[in-house]
file target-v2.txt (compact mmCIF, C-alpha atoms)
# COMPACT_ATOMS: atom_id res chain seq x y z
CA MET A 8 33.32 -9.95 -42.71
CA THR A 9 36.33 -8.98 -40.64
CA GLN A 10 37.90 -11.32 -38.06
CA GLU A 11 36.79 -8.94 -35.31
CA THR A 12 33.18 -8.97 -36.49
CA LEU A 13 33.18 -12.75 -36.85
CA PHE A 14 34.67 -13.12 -33.36
CA ALA A 15 31.98 -10.88 -31.83
CA GLN A 16 29.29 -12.81 -33.69
CA LYS A 17 30.60 -16.17 -32.49
CA LEU A 18 30.83 -14.88 -28.94
CA GLU A 19 27.23 -13.71 -28.91
CA GLN A 20 26.06 -16.98 -30.49
CA LEU A 21 27.85 -18.92 -27.76
CA ALA A 22 26.23 -16.76 -25.07
CA GLN A 23 22.84 -17.42 -26.66
CA THR A 24 23.54 -21.15 -26.65
CA ALA A 25 24.33 -20.90 -22.94
CA LYS A 26 20.92 -19.32 -22.24
CA GLU A 27 19.28 -22.38 -23.78
CA GLN A 28 21.39 -24.70 -21.59
CA GLU A 29 20.86 -23.35 -18.07
CA ASN A 30 23.48 -20.67 -18.67
CA CYS A 31 26.21 -23.19 -19.37
CA VAL A 32 28.33 -24.37 -22.31
CA SER A 33 30.75 -27.24 -22.58
CA GLU A 34 34.44 -26.82 -23.26
CA GLU A 35 33.86 -28.66 -26.55
CA GLN A 36 31.13 -26.20 -27.59
CA LEU A 37 33.44 -23.30 -26.75
CA ARG A 38 36.27 -24.67 -28.87
CA GLU A 39 33.98 -25.60 -31.75
CA ALA A 40 32.43 -22.12 -31.79
CA PHE A 41 35.82 -20.54 -32.51
CA ALA A 42 37.41 -23.36 -34.49
CA GLU A 43 37.50 -21.47 -37.79
CA LEU A 44 39.26 -18.52 -36.14
CA SER A 45 42.14 -20.72 -34.92
CA LEU A 46 42.39 -18.90 -31.60
CA ARG A 47 45.43 -19.39 -29.40
CA GLU A 48 44.95 -20.85 -25.94
CA GLU A 49 45.42 -17.46 -24.27
CA GLN A 50 42.70 -16.03 -26.53
CA LEU A 51 40.36 -18.86 -25.58
CA GLU A 52 41.07 -18.09 -21.94
CA MET A 53 39.92 -14.52 -22.60
CA VAL A 54 36.69 -15.97 -23.98
CA ARG A 55 36.27 -18.07 -20.83
CA ALA A 56 36.83 -14.97 -18.68
CA TYR A 57 34.20 -13.07 -20.67
CA LEU A 58 31.70 -15.90 -20.22
CA ARG A 59 32.38 -16.05 -16.50
CA GLN A 60 31.73 -12.30 -16.28
CA ARG A 61 28.32 -12.97 -17.83
CA SER A 62 27.68 -15.68 -15.22
CA ILE A 63 27.97 -18.43 -17.84
CA GLY A 64 29.40 -21.69 -16.57
CA ILE A 65 31.82 -23.82 -18.57
CA GLY A 66 31.23 -27.53 -18.15
CA GLU A 67 28.66 -26.92 -15.39
CA PRO A 68 26.39 -24.04 -14.38
CA ALA A 69 28.09 -21.31 -12.38
CA ALA A 70 27.35 -21.44 -8.65
CA LEU A 71 25.13 -18.66 -7.33
CA GLU A 72 27.94 -17.59 -5.03
CA ASP A 73 30.09 -16.85 -8.09
CA TYR A 74 27.90 -14.02 -9.36
CA LEU A 75 25.37 -13.08 -6.67
CA SER A 76 25.96 -11.24 -3.42
CA GLU A 77 24.99 -12.82 -0.11
CA GLN A 78 22.10 -10.37 0.09
CA GLU A 79 20.81 -11.43 -3.34
CA ILE A 80 21.10 -15.13 -2.45
CA ASP A 81 19.11 -14.55 0.74
CA TYR A 82 16.47 -12.66 -1.23
CA LEU A 83 16.21 -15.48 -3.76
CA ASP A 84 15.89 -18.11 -1.03
CA ASP A 85 13.09 -16.19 0.70
CA TYR A 86 11.29 -15.44 -2.54
CA VAL A 87 11.43 -19.04 -3.76
CA LYS A 88 10.02 -20.19 -0.40
CA GLN A 89 7.11 -17.78 -0.84
CA LEU A 90 6.45 -19.08 -4.35
CA ALA A 91 6.42 -22.65 -3.04
CA GLU A 92 3.25 -21.77 -1.11
CA LEU A 93 1.35 -20.97 -4.31
CA PRO A 94 -0.98 -23.59 -5.85
CA GLN A 95 0.74 -26.17 -8.04
CA PHE A 96 -0.57 -27.01 -11.52
CA SER A 97 -0.11 -30.09 -13.69
CA GLU A 98 0.87 -29.71 -17.35
CA GLY A 99 -2.73 -30.35 -18.37
CA GLU A 100 -4.02 -27.73 -15.96
CA LYS A 101 -1.39 -25.31 -17.14
CA GLU A 102 -2.52 -25.75 -20.75
CA ALA A 103 -6.18 -25.30 -19.80
CA VAL A 104 -5.42 -22.13 -17.84
CA THR A 105 -3.38 -20.78 -20.75
CA LEU A 106 -6.20 -21.39 -23.22
CA SER A 107 -8.69 -19.63 -20.93
CA ALA A 108 -6.26 -16.72 -20.51
CA MET A 109 -5.95 -16.50 -24.29
CA ALA A 110 -9.74 -16.22 -24.45
CA GLY A 111 -9.63 -13.22 -22.12
CA ASP A 112 -10.69 -14.85 -18.84
CA ALA A 113 -9.33 -12.53 -16.11
CA ASP A 114 -9.24 -15.25 -13.43
CA ALA A 115 -7.27 -17.52 -15.75
CA GLN A 116 -4.87 -14.70 -16.51
CA ASN A 117 -4.21 -14.25 -12.79
CA ARG A 118 -3.65 -17.99 -12.38
CA LEU A 119 -1.30 -17.96 -15.34
CA ILE A 120 0.74 -15.27 -13.62
CA GLN A 121 1.05 -17.55 -10.58
CA ILE A 122 2.11 -20.43 -12.80
CA PHE A 123 4.87 -18.37 -14.45
CA LEU A 124 6.29 -16.64 -11.37
CA PRO A 125 8.80 -19.47 -10.72
CA GLN A 126 9.88 -19.30 -14.36
CA VAL A 127 10.62 -15.59 -13.94
CA VAL A 128 13.02 -16.56 -11.16
CA GLU A 129 14.72 -19.16 -13.34
CA ILE A 130 15.10 -16.69 -16.19
CA SER A 131 16.52 -14.09 -13.80
CA ARG A 132 19.37 -16.49 -13.01
CA LEU A 133 20.38 -16.34 -16.69
CA TYR A 134 20.77 -12.57 -16.53
CA ALA A 135 22.08 -12.13 -12.98
CA GLY A 136 25.58 -10.83 -12.41
CA GLN A 137 25.43 -8.24 -15.20
CA GLY A 138 25.46 -5.10 -13.11
CA VAL A 139 21.89 -5.18 -11.81
CA PHE A 140 20.30 -6.70 -8.72
CA VAL A 141 18.47 -10.00 -9.19
CA GLU A 142 15.53 -8.52 -7.28
CA ASP A 143 15.20 -5.82 -9.95
CA LEU A 144 15.42 -8.42 -12.72
CA ILE A 145 12.60 -10.40 -11.14
CA GLY A 146 10.58 -7.21 -10.74
CA GLU A 147 10.99 -6.35 -14.44
CA GLY A 148 10.12 -9.91 -15.40
CA ASN A 149 6.99 -9.89 -13.25
CA VAL A 150 5.83 -6.63 -14.83
CA ALA A 151 6.30 -8.10 -18.30
CA LEU A 152 4.45 -11.25 -17.23
CA THR A 153 1.52 -9.26 -15.83
CA MET A 154 1.22 -7.33 -19.07
CA GLY A 155 1.83 -10.37 -21.23
CA VAL A 156 -1.04 -12.51 -19.96
CA THR A 157 -3.51 -9.88 -21.21
CA ILE A 158 -2.31 -9.93 -24.83
CA LEU A 159 -2.24 -13.64 -25.64
CA GLY A 160 -5.34 -13.58 -27.83
CA ALA A 161 -3.40 -13.62 -31.09
CA SER A 162 -1.59 -16.86 -30.16
CA ARG A 163 -2.72 -19.96 -32.06
CA HIS A 164 -2.19 -22.49 -29.28
CA ALA A 165 -1.12 -22.74 -25.64
CA ALA A 166 2.53 -23.57 -26.36
CA GLU A 167 2.88 -20.49 -28.55
CA ALA A 168 1.31 -18.29 -25.85
CA GLN A 169 3.62 -19.71 -23.19
CA GLY A 170 6.62 -19.18 -25.44
CA MET A 171 5.52 -15.60 -26.00
CA LEU A 172 5.41 -15.00 -22.24
CA GLY A 173 8.90 -16.42 -21.84
CA ARG A 174 10.25 -14.15 -24.57
CA MET A 175 8.56 -11.09 -23.06
CA ILE A 176 10.14 -11.83 -19.69
CA MET A 177 13.58 -12.26 -21.24
CA ASP A 178 13.20 -9.13 -23.37
CA ALA A 179 12.22 -7.09 -20.31
CA MET A 180 15.31 -8.23 -18.40
CA GLU A 181 17.62 -7.64 -21.35
CA GLU A 182 16.20 -4.16 -21.86
CA PHE A 183 16.61 -3.36 -18.17
CA ILE A 184 20.26 -4.47 -18.22
CA ALA A 185 20.90 -2.39 -21.35
CA GLU A 186 19.27 0.68 -19.83
CA ASN A 187 21.25 0.25 -16.63
CA ALA A 188 24.48 -0.10 -18.62
CA GLU A 189 23.69 3.13 -20.46
CA GLU A 190 22.95 4.95 -17.21
CA THR A 191 26.18 3.62 -15.72
CA LYS A 192 28.06 4.84 -18.79
CA LYS A 193 26.49 8.29 -18.46
CA SER A 194 27.30 8.41 -14.75
CA ARG A 195 30.89 7.44 -15.44
CA LYS A 196 31.20 10.15 -18.10
CA MET A 197 29.75 12.73 -15.74
CA ALA A 198 32.17 11.67 -12.99
CA GLU A 199 35.06 12.02 -15.44
CA ARG A 200 33.82 15.46 -16.47
CA ILE A 201 33.48 16.59 -12.85
CA ASN A 202 36.99 15.37 -12.04
CA LYS A 203 38.40 17.06 -15.15
CA VAL A 204 36.83 20.41 -14.25
CA ALA A 205 37.77 20.09 -10.57
CA ASP A 206 41.38 19.18 -11.34
CA LYS A 207 41.78 22.04 -13.81
CA ALA A 208 40.09 24.52 -11.46
CA ASN A 209 42.42 23.52 -8.63
CA GLU A 210 45.44 23.69 -10.91
CA LEU A 211 44.54 27.17 -12.16
CA ALA A 212 43.67 28.45 -8.69
CA GLU A 213 47.09 27.38 -7.40
CA GLU A 214 48.82 28.86 -10.42
CA LEU A 215 46.95 32.18 -10.34
CA HIS A 216 46.65 32.39 -6.53
CA ARG A 217 42.97 33.26 -6.78
CA LYS A 218 39.60 31.83 -7.64
CA VAL A 219 39.07 31.05 -11.32
CA THR A 220 36.28 31.99 -13.69
CA ILE A 221 34.11 29.72 -15.81
CA GLU A 222 35.54 31.45 -18.90
CA GLU A 223 39.06 30.47 -17.85
CA LEU A 224 37.94 26.89 -17.33
CA MET A 225 36.28 26.91 -20.76
CA ASN A 226 39.56 27.97 -22.35
CA GLU A 227 41.61 25.41 -20.43
CA THR A 228 39.29 22.40 -20.83
CA GLY A 229 37.69 23.11 -24.21
CA MET A 230 34.32 22.42 -22.63
CA SER A 231 31.19 24.52 -23.10
CA ARG A 232 29.80 26.83 -20.44
CA LYS A 233 26.82 24.51 -19.94
CA ALA A 234 29.05 21.42 -19.57
CA ILE A 235 31.16 23.18 -16.93
CA ALA A 236 28.08 24.56 -15.17
CA ASP A 237 26.60 21.04 -15.08
CA ALA A 238 29.84 19.67 -13.63
CA VAL A 239 29.90 22.40 -10.99
CA ARG A 240 26.28 21.72 -10.06
CA MET A 241 26.78 17.96 -9.85
CA SER A 242 29.91 18.31 -7.72
CA GLY A 243 28.25 20.35 -4.97
CA ASN A 244 30.87 22.43 -3.17
CA LYS A 245 33.80 20.53 -4.60
CA ILE A 246 34.27 22.97 -7.52
CA ASP A 247 32.07 25.92 -6.54
CA ALA A 248 34.36 26.85 -3.66
CA ILE A 249 37.22 27.73 -6.03
CA LEU A 250 35.13 29.55 -8.66
CA ALA A 251 34.96 33.32 -8.83
CA GLU A 252 31.46 34.75 -8.54
call {"tool": "encode", "arguments": {"input": "target-v2.txt", "output": "C-alpha cells"}}
result
Amino acid sequence: MTQETLFAQKLEQLAQTAKEQENCVSEEQLREAFAELSLREEQLEMVRAYLRQRSIGIGEPAALEDYLSEQEIDYLDDYVKQLAELPQFSEGEKEAVTLSAMAGDADAQNRLIQIFLPQVVEISRLYAGQGVFVEDLIGEGNVALTMGVTILGASRHAAEAQGMLGRMIMDAMEEFIAENAEETKKSRKMAERINKVADKANELAEELHRKVTIEELMNETGMSRKAIADAVRMSGNKIDAILAE
C-alpha cells in the first residue's frame, strides 16, 4: 500500500470516527490516526483544514455558524420547534412501536416515523456543509425514513430495526451529497467548455474579421461538432452571435 493510499484511508477512518462522536474528534485522535505516517505539523494542519471543510470539529463540535448559512440556521430552528410539538415517547414505548411496525402495523409505522424525525435532523448535522442545503438533507432523510419503516420485517429485534433506519437515513444523505458533487462537477466542466469555445470564437473572429464557423472551431479546439453545438446551445447568445450561419 502506498503512502498516499494509506493517508487517504486514515483520513476517511478519522472522518468516520467523527460521525460516531457528534461530528468531532480530539486532537489526540487526530495525531494517533496518522502516527505511523510521521506527518509534519504543516501536513497535520492540512488534515485539520480538510476536517473543518467537512464540518468536523476538533476538540469540540463545530458551531452551526461555522458551516451553515443564516437561512439554514433559521430553517433548522423553525423545523425543530415544529418537531417539539409531536408526541413524545419513552424508550419502552419506542421499542413497542418498533416491534409493531416490524409486524406491518401501518399506524405503528407512522408513529415510528414521528419518533425518528428528530434523529433525521441530528444526522443531517453530520452531513451539513458539504455543498448541499440542510433542508435538502433532511428531505432525503425523511424519504428514506418513510420507506424504511415499511421494510423492517426481516429485522430480528427492535434495536436492529432502529439501527437499520439510521443507516438508511445516513445512506440517503451520503448518496445525495455524492450525486450533487457529480452534478457540480459536470456543471463546472460544461462551464469550462463554454468558456473555451467562446474564447476561441472571439479570438478567431477578431483575427479573421468575420464570424467563424463550427468547423473552424472544431479545428482550433479539437472538440467534436456535438460538443461545440452543446456549448453554443448552453451559452445562449454568448457564442451564437459570433458564429456564421
call {"tool": "residues_around", "arguments": {"input": "target-v2.txt", "residues": "segment 211-222 of chain A", "least_positions_apart": "2", "cutoff": "12 Å", "atoms": "all atoms listed in the file", "output": "ChimeraX atom specification"}}
result
/A:204-209,224-239,246-252
call {"tool": "write_last_selection", "arguments": {"input": "target-v2.txt", "atoms": "C-alpha atoms", "output": "mmCIF file, in the frame of the given file"}}
result
data_model
loop_
_atom_site.group_PDB
_atom_site.id
_atom_site.type_symbol
_atom_site.label_atom_id
_atom_site.label_comp_id
_atom_site.auth_asym_id
_atom_site.auth_seq_id
_atom_site.Cartn_x
_atom_site.Cartn_y
_atom_site.Cartn_z
ATOM 1 C CA VAL A 204 36.830 20.410 -14.250
ATOM 2 C CA ALA A 205 37.770 20.090 -10.570
ATOM 3 C CA ASP A 206 41.380 19.180 -11.340
ATOM 4 C CA LYS A 207 41.780 22.040 -13.810
ATOM 5 C CA ALA A 208 40.090 24.520 -11.460
ATOM 6 C CA ASN A 209 42.420 23.520 -8.630
ATOM 7 C CA LEU A 224 37.940 26.890 -17.330
ATOM 8 C CA MET A 225 36.280 26.910 -20.760
ATOM 9 C CA ASN A 226 39.560 27.970 -22.350
ATOM 10 C CA GLU A 227 41.610 25.410 -20.430
ATOM 11 C CA THR A 228 39.290 22.400 -20.830
ATOM 12 C CA GLY A 229 37.690 23.110 -24.210
ATOM 13 C CA MET A 230 34.320 22.420 -22.630
ATOM 14 C CA SER A 231 31.190 24.520 -23.100
ATOM 15 C CA ARG A 232 29.800 26.830 -20.440
ATOM 16 C CA LYS A 233 26.820 24.510 -19.940
ATOM 17 C CA ALA A 234 29.050 21.420 -19.570
ATOM 18 C CA ILE A 235 31.160 23.180 -16.930
ATOM 19 C CA ALA A 236 28.080 24.560 -15.170
ATOM 20 C CA ASP A 237 26.600 21.040 -15.080
ATOM 21 C CA ALA A 238 29.840 19.670 -13.630
ATOM 22 C CA VAL A 239 29.900 22.400 -10.990
ATOM 23 C CA ILE A 246 34.270 22.970 -7.520
ATOM 24 C CA ASP A 247 32.070 25.920 -6.540
ATOM 25 C CA ALA A 248 34.360 26.850 -3.660
ATOM 26 C CA ILE A 249 37.220 27.730 -6.030
ATOM 27 C CA LEU A 250 35.130 29.550 -8.660
ATOM 28 C CA ALA A 251 34.960 33.320 -8.830
ATOM 29 C CA GLU A 252 31.460 34.750 -8.540
#
call {"tool": "closest_residue", "arguments": {"input": "target-v2.txt", "among": "A:Ala185, A:Val54, A:Ala42, A:Ala91", "to": "Tyr134 of chain A", "atoms": "all atoms listed in the file"}}
result
A:Ala185
call {"tool": "residues_around", "arguments": {"input": "target-v2.txt", "residues": "segment 166-168 of chain A", "least_positions_apart": "4", "cutoff": "8 Å", "atoms": "all atoms listed in the file", "output": "ChimeraX atom specification"}}
result
/A:102,105,109,159,162,172
call {"tool": "axis_aligned_box", "arguments": {"input": "target-v2.txt", "around": "segment 91-100 of chain A", "padding_each_side": "3 Å", "output": "AutoDock Vina command-line options"}}
result
--center_x 1.2 --center_y -25.7 --center_z -9.7 --size_x 16.4 --size_y 15.4 --size_z 23.3
call {"tool": "closest_residue", "arguments": {"input": "target-v2.txt", "among": "A:Asn30, A:Gln89, A:Ser242, A:Ser97", "to": "Met197 of chain A", "atoms": "all atoms listed in the file"}}
result
A:Ser242
call {"tool": "residues_around", "arguments": {"input": "target-v2.txt", "residues": "Gly136 of chain A", "least_positions_apart": "6", "cutoff": "8 Å", "atoms": "all atoms listed in the file", "output": "PyMOL selection string"}}
result
chain A and resi 60-62+74-75
call {"tool": "closest_atom_pairs", "arguments": {"input": "target-v2.txt", "of": "segment 31-89 of chain A", "to": "segment 117-128 of chain A", "cutoff": "10 Å", "atoms": "all atoms listed in the file", "output": "tab-separated table"}}
result
residue	atom	partner	partner_atom	distance
A:Leu83	CA	A:Val128	CA	8.1
A:Tyr86	CA	A:Val128	CA	8.9
A:Val87	CA	A:Pro125	CA	7.5
call {"tool": "atom_distance", "arguments": {"input": "target-v2.txt", "atom1": "atom CA of Gly146 of chain A", "atom2": "atom CA of Leu133 of chain A"}}
result
14.7 Å
call {"tool": "atom_distance", "arguments": {"input": "target-v2.txt", "atom1": "atom CA of Val32 of chain A", "atom2": "atom CA of Gly66 of chain A"}}
result
6.0 Å
call {"tool": "residues_near_point", "arguments": {"input": "target-v2.txt", "point": "(15.9, -19.4, -18.3)", "cutoff": "12 Å", "atoms": "all atoms listed in the file", "output": "PyMOL selection string"}}
result
chain A and resi 23-31+123+125-135+145+148+170+173-174+176-178+180
call {"tool": "atom_distance", "arguments": {"input": "target-v2.txt", "atom1": "atom CA of Val156 of chain A", "atom2": "atom CA of Met171 of chain A"}}
result
9.4 Å
call {"tool": "closest_residue", "arguments": {"input": "target-v2.txt", "among": "A:Glu223, A:Lys196, A:Ala108, A:Glu189", "to": "Thr153 of chain A", "atoms": "only C-alpha atoms"}}
result
A:Ala108
call {"tool": "closest_residue", "arguments": {"input": "target-v2.txt", "among": "A:Gln36, A:Ser76, A:Ser107, A:Gln169", "to": "Lys17 of chain A", "atoms": "all atoms listed in the file"}}
result
A:Gln36
call {"tool": "closest_residue", "arguments": {"input": "target-v2.txt", "among": "A:Ser33, A:Ala40, A:Val150, A:Lys192", "to": "Ile63 of chain A", "atoms": "all atoms listed in the file"}}
result
A:Ser33
call {"tool": "residues_around", "arguments": {"input": "target-v2.txt", "residues": "Thr9 of chain A", "least_positions_apart": "6", "cutoff": "12 Å", "atoms": "all atoms listed in the file", "output": "list in words"}}
result
Ala15, Gln16 and Leu44 of chain A
call {"tool": "closest_residue", "arguments": {"input": "target-v2.txt", "among": "A:Phe140, A:Glu52, A:Ser45, A:Gly99", "to": "Tyr82 of chain A", "atoms": "only C-alpha atoms"}}
result
A:Phe140
call {"tool": "build_atoms", "arguments": {"input": "target-v2.txt", "residues": "segment 118-146 of chain A", "atoms": "N, CA and C atoms", "output": "PDB file, in the coordinates of the input"}}
result
ATOM      1  N   ARG A 118      -4.234 -16.679 -12.700  1.00  0.00           N
ATOM      2  CA  ARG A 118      -3.650 -17.990 -12.380  1.00  0.00           C
ATOM      3  C   ARG A 118      -2.405 -18.244 -13.216  1.00  0.00           C
ATOM      4  N   LEU A 119      -2.454 -17.770 -14.465  1.00  0.00           N
ATOM      5  CA  LEU A 119      -1.300 -17.960 -15.340  1.00  0.00           C
ATOM      6  C   LEU A 119      -0.089 -17.184 -14.820  1.00  0.00           C
ATOM      7  N   ILE A 120      -0.337 -16.023 -14.240  1.00  0.00           N
ATOM      8  CA  ILE A 120       0.740 -15.270 -13.620  1.00  0.00           C
ATOM      9  C   ILE A 120       1.374 -16.105 -12.506  1.00  0.00           C
ATOM     10  N   GLN A 121       0.532 -16.713 -11.662  1.00  0.00           N
ATOM     11  CA  GLN A 121       1.050 -17.550 -10.580  1.00  0.00           C
ATOM     12  C   GLN A 121       1.879 -18.708 -11.127  1.00  0.00           C
ATOM     13  N   ILE A 122       1.409 -19.295 -12.203  1.00  0.00           N
ATOM     14  CA  ILE A 122       2.110 -20.430 -12.800  1.00  0.00           C
ATOM     15  C   ILE A 122       3.505 -20.021 -13.278  1.00  0.00           C
ATOM     16  N   PHE A 123       3.616 -18.802 -13.829  1.00  0.00           N
ATOM     17  CA  PHE A 123       4.870 -18.370 -14.450  1.00  0.00           C
ATOM     18  C   PHE A 123       5.832 -17.669 -13.492  1.00  0.00           C
ATOM     19  N   LEU A 124       5.388 -17.341 -12.297  1.00  0.00           N
ATOM     20  CA  LEU A 124       6.290 -16.640 -11.370  1.00  0.00           C
ATOM     21  C   LEU A 124       7.588 -17.417 -11.112  1.00  0.00           C
ATOM     22  N   PRO A 125       7.542 -18.728 -10.901  1.00  0.00           N
ATOM     23  CA  PRO A 125       8.800 -19.470 -10.720  1.00  0.00           C
ATOM     24  C   PRO A 125       9.700 -19.412 -11.958  1.00  0.00           C
ATOM     25  N   GLN A 126       9.079 -19.367 -13.150  1.00  0.00           N
ATOM     26  CA  GLN A 126       9.880 -19.300 -14.360  1.00  0.00           C
ATOM     27  C   GLN A 126      10.595 -17.953 -14.465  1.00  0.00           C
ATOM     28  N   VAL A 127       9.962 -16.892 -13.970  1.00  0.00           N
ATOM     29  CA  VAL A 127      10.620 -15.590 -13.940  1.00  0.00           C
ATOM     30  C   VAL A 127      11.905 -15.687 -13.125  1.00  0.00           C
ATOM     31  N   VAL A 128      11.836 -16.389 -12.005  1.00  0.00           N
ATOM     32  CA  VAL A 128      13.020 -16.560 -11.160  1.00  0.00           C
ATOM     33  C   VAL A 128      14.113 -17.308 -11.919  1.00  0.00           C
ATOM     34  N   GLU A 129      13.730 -18.381 -12.598  1.00  0.00           N
ATOM     35  CA  GLU A 129      14.720 -19.160 -13.340  1.00  0.00           C
ATOM     36  C   GLU A 129      15.369 -18.331 -14.433  1.00  0.00           C
ATOM     37  N   ILE A 130      14.563 -17.530 -15.129  1.00  0.00           N
ATOM     38  CA  ILE A 130      15.100 -16.690 -16.190  1.00  0.00           C
ATOM     39  C   ILE A 130      16.032 -15.633 -15.605  1.00  0.00           C
ATOM     40  N   SER A 131      15.677 -15.122 -14.428  1.00  0.00           N
ATOM     41  CA  SER A 131      16.520 -14.090 -13.800  1.00  0.00           C
ATOM     42  C   SER A 131      17.922 -14.617 -13.534  1.00  0.00           C
ATOM     43  N   ARG A 132      18.047 -15.911 -13.262  1.00  0.00           N
ATOM     44  CA  ARG A 132      19.370 -16.490 -13.010  1.00  0.00           C
ATOM     45  C   ARG A 132      20.255 -16.408 -14.255  1.00  0.00           C
ATOM     46  N   LEU A 133      19.627 -16.420 -15.440  1.00  0.00           N
ATOM     47  CA  LEU A 133      20.380 -16.340 -16.690  1.00  0.00           C
ATOM     48  C   LEU A 133      20.988 -14.952 -16.888  1.00  0.00           C
ATOM     49  N   TYR A 134      20.333 -13.947 -16.308  1.00  0.00           N
ATOM     50  CA  TYR A 134      20.770 -12.570 -16.530  1.00  0.00           C
ATOM     51  C   TYR A 134      21.439 -11.942 -15.316  1.00  0.00           C
ATOM     52  N   ALA A 135      21.477 -12.665 -14.209  1.00  0.00           N
ATOM     53  CA  ALA A 135      22.080 -12.130 -12.980  1.00  0.00           C
ATOM     54  C   ALA A 135      23.580 -11.935 -13.173  1.00  0.00           C
ATOM     55  N   GLY A 136      24.149 -11.063 -12.357  1.00  0.00           N
ATOM     56  CA  GLY A 136      25.580 -10.830 -12.410  1.00  0.00           C
ATOM     57  C   GLY A 136      26.017  -9.922 -13.535  1.00  0.00           C
ATOM     58  N   GLN A 137      25.089  -9.150 -14.106  1.00  0.00           N
ATOM     59  CA  GLN A 137      25.430  -8.240 -15.200  1.00  0.00           C
ATOM     60  C   GLN A 137      25.208  -6.785 -14.804  1.00  0.00           C
ATOM     61  N   GLY A 138      25.499  -6.484 -13.544  1.00  0.00           N
ATOM     62  CA  GLY A 138      25.460  -5.100 -13.110  1.00  0.00           C
ATOM     63  C   GLY A 138      24.141  -4.637 -12.537  1.00  0.00           C
ATOM     64  N   VAL A 139      23.179  -5.544 -12.402  1.00  0.00           N
ATOM     65  CA  VAL A 139      21.890  -5.180 -11.810  1.00  0.00           C
ATOM     66  C   VAL A 139      21.538  -6.199 -10.729  1.00  0.00           C
ATOM     67  N   PHE A 140      20.698  -5.798  -9.781  1.00  0.00           N
ATOM     68  CA  PHE A 140      20.300  -6.700  -8.720  1.00  0.00           C
ATOM     69  C   PHE A 140      19.280  -7.719  -9.237  1.00  0.00           C
ATOM     70  N   VAL A 141      19.393  -8.948  -8.751  1.00  0.00           N
ATOM     71  CA  VAL A 141      18.470 -10.000  -9.190  1.00  0.00           C
ATOM     72  C   VAL A 141      17.038  -9.643  -8.799  1.00  0.00           C
ATOM     73  N   GLU A 142      16.861  -8.942  -7.692  1.00  0.00           N
ATOM     74  CA  GLU A 142      15.530  -8.520  -7.280  1.00  0.00           C
ATOM     75  C   GLU A 142      14.894  -7.605  -8.330  1.00  0.00           C
ATOM     76  N   ASP A 143      15.707  -6.725  -8.908  1.00  0.00           N
ATOM     77  CA  ASP A 143      15.200  -5.820  -9.950  1.00  0.00           C
ATOM     78  C   ASP A 143      14.874  -6.601 -11.223  1.00  0.00           C
ATOM     79  N   LEU A 144      15.701  -7.596 -11.547  1.00  0.00           N
ATOM     80  CA  LEU A 144      15.420  -8.420 -12.720  1.00  0.00           C
ATOM     81  C   LEU A 144      14.086  -9.136 -12.566  1.00  0.00           C
ATOM     82  N   ILE A 145      13.858  -9.698 -11.392  1.00  0.00           N
ATOM     83  CA  ILE A 145      12.600 -10.400 -11.140  1.00  0.00           C
ATOM     84  C   ILE A 145      11.438  -9.421 -11.215  1.00  0.00           C
ATOM     85  N   GLY A 146      11.627  -8.224 -10.676  1.00  0.00           N
ATOM     86  CA  GLY A 146      10.580  -7.210 -10.740  1.00  0.00           C
ATOM     87  C   GLY A 146      10.223  -6.863 -12.171  1.00  0.00           C
TER      88      GLY A 146
END
